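Notes follow the structure.
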Amino acid sequence: MSCTPTTQNEHRYCASLAGSIELKWQSDWDAANINVVGNPNDVGFDLSKPKFYCLDMFPYPSGAGLHVGHPVGYIGSDILSRFKRMQGFNVLHPMGWDAFGLPAEQYAIETGVHPATTTRSAIDTFREQLKRIGFSYDWSREFATIDPDYYKWTQWIWLKAYDSWFDEENQKAKPISELISGLEQETICCGDTPWKNLSQTQQDVFVDSKRLAYLGEYIVNWCPKLGTVLANEEVVDGRSERGSHPVVRRSMRQWMFRITAYADRLLYDLKGLDWPESTLRMQKDWIGRSEGADIDFSLDASDEIIRVYTTRPDTIFGATFMVLAPEHPFVESIKTPNVLTYVEEARNRSDVDRMADSKEKTGVNTGMFAINPANGTKIPIWIADYVLMGYGHGAIMAVPAHDDRDHAFATAHSIQIIEVVQPQELCDGCFSGEGIAINSSSEVVSIDGQQTIDAKETIIDWLKTSGFGSGKVNYRLRDWLFSRQRYWGEPFPIVFDEAGKHYPISEASLPVELPTIEDYTPPVSDEPQPLLAKAESWVHTTAGEAGVDPSILSPETPVRREVNTMPGWAGSCWYELRYCSPSCDSRFVDRDAESYWMGNGVDMYIGGAEHAVRHLFYTRFWQKMLFDLGEVSSNEPFKTLFHQGLLTSFAFQRSDKTLVPTTDVEEQDNKFIEKNTGEEVTQIIAKMSKSLKNVVNPDDVIAEYGADTLRLYEMYMGPLEASAPWNTNDIVGAHRFLQRVWRLGIEEESGNLRSCLGAETNEDVERALHKTIAKVTGDIPELAYNTAIASMIEFVNTATNEGCITTNQLDQFVRILSPFAPHISQELYARLGEEGFVCASQWPVFDEAMLTSSTVELPVQIMGKVRGKITIPAEANAEEIEQSALQDERIKECLEGLTVRKIIVVPGKIINIVAN
RNA sequence: GCCGAAGUGGCGGAAUUGGCAGACGCGCCGGAUUCAAAAUCCGGUUCCCGUUUAGGGAGUAUGGGUUCGAGUCCCAUCUUCGGUACCA
């Protein structure tokens with residue numbers, strides 16, 4: 001419970017006092033622009049200071065407003081930012097809004113209210129709530145991804161990608177113009193026909209096929225209910241991640257990003273990043289690099305060749321059949337009824353079904369045979385949907401003895417199994433590990449007796465010399481599907497002529513703004529119908545009207561605008577750059593500002609682990625693209641990354657699993673009872689969400705305790721990276737601590753400074769202060785805020801018990817407290833007579849000598865159990881310590897009748913006597 | 001299935017390179033203050049045995065191991081939470 005001041009303690013630190021202190025200083029800070037940091041070319045900007053770019057993952061402002069889980073990471077980054085400022089850094093600490101997205105559009109569908117209206121009002125709510133917590137953001141840099149000034153440059157970057165290709169040889173993106181001149185000068189080859197012999201159309205097709213942002217015909221995840229395609233990662237168990245609607249696979253022409261070109265660099269550059277190990281692992285897995293071989297199998301009845309990819313070329317002698325994906329091009333040529341039926345079925349099977357019976361391996365025998373190049377054996381060719389067209393070549397050599405899936409398939413369809421790898425140790429079931437090759441020799445190649453690693457090499461060498469194949473590196477990563485059939489996203493700056501050829505909008509005509517439409521209902525249809533197509537007068541225009549460069553297309557030409565929009569990820573792929581110079585209108589980011597702040601990437605990036613793969617991966621990709629094109633100075637956007645833990649909350653279920661609002665539950669005798677019914681309910685720990693009825697609003701907490709208490713409590717719950725359940729009862733501990741801090745300086749009766757502040761320095765308090773400064777100074781850069789706070793509590797307890805603290809001691813203490821609880825610290829700082837702002841003051845230094853004392857107490861163990869303690873001078877040597885321990889009365893007693901065998905002395909730590 | 005993280009009092013959690021397990025907070029118990037309550041302050045609080053004290057024993061998911069000494073290192077097992085899913 002929060003306190004209410006009475007006449008005796010009118011000036012106690014209670015919610016009302018906290019509130020008035022907080023609002024006063026927030027407005028003073030704003031008025032003084034205390035958190036506005038300039039840029040290198042600004043007057044008065046001190047370039048001699050080191051820079052620190054501390055960034056939060058910006059939020060999607062939902063209509064429900066903030067809950068107490070949102071600020072966890074923001075408080076963490078705010079403490080670090082304040083600390084760095086006090087240590088003399090120029091700190092860039094901005095905030096903005098990731099504001100395009102489905103919820104606002106869904107709301108528009110239901111109510112007809114324009115998404116911009118709901119989004120803007122949600123942003124206002126979020127901003128107000130954040131400001132009330134007292135964050136030190138430089139709000140002058142705020143922007144939202146829906147601002148035309150911002151998405152203009154999102155479109156511009158996309159056009160950059162459209163106008164670039166990836167030079168494999170140099171592993172680097174370059175402008176399309178360099179590709180064309182290379183082709184013209186024949187330094188770059190475009191296939192069998194020379195460039196100059198190609199028709200204009202053929203040349204265009206070739207160039208288009210090289211663009212980093214390209215139009216591709218792909219099998220995509222189409223969600224009829226949402227009326228849009230989804231990226232693979234937006235599909236969970238064959239259903240849409242959002243809303244859980246069925247997803248079907250179909251072929252569509254969509255804008256893609258050639259992210260696979262960067263697979264190697266995205267993988268290799270992970271090495272230099274200071275990121276959580278688990279996130280690095282996930283990024284690696286996402287790329288899924290594997291080494292193996294491409295092997296060409298000829299067919300016994302035709303001249304066709306089928307290429308497969310395998311990571312185990314050493315098992316080629318065990319390949320007893322071949323499997324093609326139903327979508328494999330060769331399958332089209334097979335017209336037998338059972339194949340046609342199976343392929344048709346496979347196509348219609350939704351991903352939901354495929355997932356559901358993934359254990360059962362279906363397939364059909366084509367009746368055709370391929371020839372195993374290693375031993376000339378004829379092996380049957382099957383078609384099965386467990387082989388995916390999107391990976392490798394959509395065809396595999398099946399080795400049932402050493403691959404679980406092939407084994408399951410062979411068992412189900414009675415296909416021969418031949419063991420060709422002997423395990424080092426006995427094992428049961430299908431063995432897919434490494435071992436020694438057996439049954440693997442023929443006239444052309446033999447690997448019997450070789451270890452797997454050598455056998456692979458032998459086979460690859462043989463493949464190369466015999467022309468049957470070669471070593472190959474493959475990736476799990478696919479190109480990034482970048483089109484969505486949504487309204488509330490960035491429009492693509494591109495138009496099509498009547499023949500379907502695409503033309504970019506010129507930079508001068510950006511942004512391509514979203515048109516307003518009457519009705520946001522997506523056409524529910526099996527045929528994809530982007531919502532923007534409804535804005536007919538916008539869609540059908542002329543090249544001149546749309547802003548196509550007249551030198552590539554004459555202005556009167558009728559054109560059709562792209563009606564897809566970019567996915568929600570787009571705006572967050574480069575926002576860290578825009579913060580450097582958010583109002584720059586000549587460029588997406590000012591060059592000097594970018595190279596100063598982003599020179600070696602963001603110094604601390606804090607956000608949830610739920611973005612460990614996608615957002616971070618996409619942003620890294622955009623950064624590398626821009627880096628290659630000379631637009632930015634850093635190859636990686638985020639040097640250091642930190643994931644704050646999930647704030648969970650208790651929720652309560654009735655026996656029928658229905659949920660009870662947290663507020664309707666009370667605890668009685670260690671049981672949880674629903675107040676209205678008296679029924680017992682079970683407590684579960686879950687994410688805070690509206691549906692679980694366990695949301696806690698920070699506004700309520702602030703009203704009851706103040707923002708400083710909220711900040712302190714959230715940081716004190718446990719390590720920042722760990723999940724912990726919100727427990728309203730615990731907040732009072734943080735509040736009491738601040739009350740004691742207040743009482744160190746202020747008389748509760750009068751509100752005056754305490755008279756004892758002028759007293760002499762108490763040595764114990766002074767030592768405790770230095771120890772605390774040392775601890776907090778060390779903990780903040782580690783983001784170990786919970787232990788930093790614990791040490792400050794200890795200090796305040798010490799000072800309170802000693803009864804006295806000096807002005808100077810309190811002044812230093814409020815400085816180290818200020819990153820955590822900026823308002824109360826500021827108030828005390830001012831009352832102590834300091835001018836200006838505590839957040840602009842210097843971070844205190846501690847005296848190393850004050851951390852050690854002249855005597856130490858050492859525990860004495862006998863056989864590993866503590867039996868006594870001795871107090872000795874800190875500088876005592878091992879010999880003296882040993883003697884002192886043996887002479888201790890209590891130790892003597894314990895050693896009676898025992899023979900001392902050995903004494904271990906660890907100076908400053910412990911003494912262990914081995915005796916029996 | 002695979003990959004990753006984590007299991008410490010009634011609860012959230014502390015514990016440098018192996019060196020006094022349980023810092024700090026919540027809760028609980030007792031006391032002060034109060035007409036009373038709230039708030040605040042002071043003291044106690046891992047469990048078991050010891051009526052009190054002195055003291056003793058057990059104890060960091062489980063079972064083993066290394067070591068003078070293990071929450072920490074090694075092996076095996078269990079549980080929970082994330083991520084991923086036919087990637088050949």
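Each chain in the structure tokens gets a letter, A, B, ..., in the order shown, and its residues are numbered from 1; ligands are numbered from 1 in order too.
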
I want to know what sits within 10 Å of U84 (chain B), based on only C-alpha atoms (C1' of nucleotides), with residues of the same chain fewer than 6 positions away left out; could you give that as a VMD selection string? (chain A and resid 282 285 to 286) or (chain B and resid 2 to 3)

Could you write out as number ranges by chain the residues of chain B within 10 Å of chain A, counting only C-alpha atoms (C1' of nucleotides)? B: 3-6, 10-14, 19-20, 23-27, 38-40, 68-69, 81-88

How would the residues just chosen look if you wrote them out with C-alpha atoms (C1' of nucleotides) as a PDB file, in the first residue's frame?
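Full text of part-v7.pdb as output:
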```pdb
ATOM      1  C1'   C B   3      19.286 -26.427 -31.152  1.00  0.00           C
ATOM      2  C1'   G B   4      19.620 -22.961 -27.047  1.00  0.00           C
ATOM      3  C1'   A B   5      18.741 -21.098 -21.965  1.00  0.00           C
ATOM      4  C1'   A B   6      17.533 -22.206 -17.074  1.00  0.00           C
ATOM      5  C1'   G B  10       7.158 -19.359   1.358  1.00  0.00           C
ATOM      6  C1'   C B  11       8.232 -15.743  -3.223  1.00  0.00           C
ATOM      7  C1'   G B  12      11.600 -12.414  -6.722  1.00  0.00           C
ATOM      8  C1'   G B  13      16.507 -13.247  -6.643  1.00  0.00           C
ATOM      9  C1'   A B  14      22.483 -12.708  -4.634  1.00  0.00           C
ATOM     10  C1'   G B  19      36.728 -20.458  -1.243  1.00  0.00           C
ATOM     11  C1'   C B  20      31.572 -18.452   4.842  1.00  0.00           C
ATOM     12  C1'   A B  23      23.250 -10.475  -0.208  1.00  0.00           C
ATOM     13  C1'   C B  24      19.040  -7.167  -1.224  1.00  0.00           C
ATOM     14  C1'   G B  25      13.728  -6.951  -1.539  1.00  0.00           C
ATOM     15  C1'   C B  26       8.712  -9.114  -0.703  1.00  0.00           C
ATOM     16  C1'   G B  27       6.059 -12.010   2.685  1.00  0.00           C
ATOM     17  C1'   A B  38      -2.753   2.412   7.809  1.00  0.00           C
ATOM     18  C1'   A B  39       1.934   4.170   6.867  1.00  0.00           C
ATOM     19  C1'   U B  40       6.725   4.332   9.186  1.00  0.00           C
ATOM     20  C1'   C B  68      41.621 -29.800   0.918  1.00  0.00           C
ATOM     21  C1'   G B  69      37.049 -27.390  -0.644  1.00  0.00           C
ATOM     22  C1'   C B  81      10.909 -22.101 -20.825  1.00  0.00           C
ATOM     23  C1'   G B  82      12.427 -20.203 -25.647  1.00  0.00           C
ATOM     24  C1'   G B  83      13.722 -21.193 -30.940  1.00  0.00           C
ATOM     25  C1'   U B  84      13.087 -24.494 -35.038  1.00  0.00           C
ATOM     26  C1'   A B  85      10.788 -28.076 -37.842  1.00  0.00           C
ATOM     27  C1'   C B  86      10.795 -33.186 -43.601  1.00  0.00           C
ATOM     28  C1'   C B  87      16.615 -28.097 -45.410  1.00  0.00           C
ATOM     29  C1'   A B  88      18.624 -34.006 -48.058  1.00  0.00           C
TER      30        A B  88
END
```

Running DSSP on the backbone, which parts of region 662-776 of chain A land in strand (DSSP E), as a ChimeraX atom specification? /A:665-668,671-674,680-687,724-726

Surrounding residues of Val696 (chain A) excluding itself and chain neighbours under 3 positions, 12 Å, only C-alpha atoms (C1' of nucleotides), as a PyMOL selection string: chain A and resi 64-71+647-651+661-663+687-690+692-693+699-702+710+725-728

If you count only C-alpha atoms (C1' of nucleotides), which residues fall within 9 Å of Asp764 (chain A), apart from same-chain ones fewer than 4 positions away, as number ranges by chain? A: 768-769, 798-799, 802

Taking the DSSP secondary structure from the backbone, can you list the residues of region 601-820 of chain A that are alpha helix (DSSP H), as JSON, numbers by chain? {"A": [614, 615, 616, 617, 618, 619, 620, 621, 622, 623, 624, 625, 626, 627, 628, 698, 699, 700, 701, 702, 703, 704, 705, 707, 708, 709, 710, 711, 712, 713, 714, 715, 716, 731, 732, 733, 734, 735, 736, 737, 738, 739, 740, 741, 742, 743, 744, 745, 763, 764, 765, 766, 767, 768, 769, 770, 771, 772, 773, 774, 775, 776, 777, 778, 779, 785, 786, 787, 788, 789, 790, 791, 792, 793, 794, 795, 796, 797, 798, 799, 800, 801, 802, 807, 808, 809, 810, 811, 812, 813, 814, 815, 816, 817]}

d(CA of Ser302 (chain A), CA of His407 (chain A)) in Å: 28.0 Å
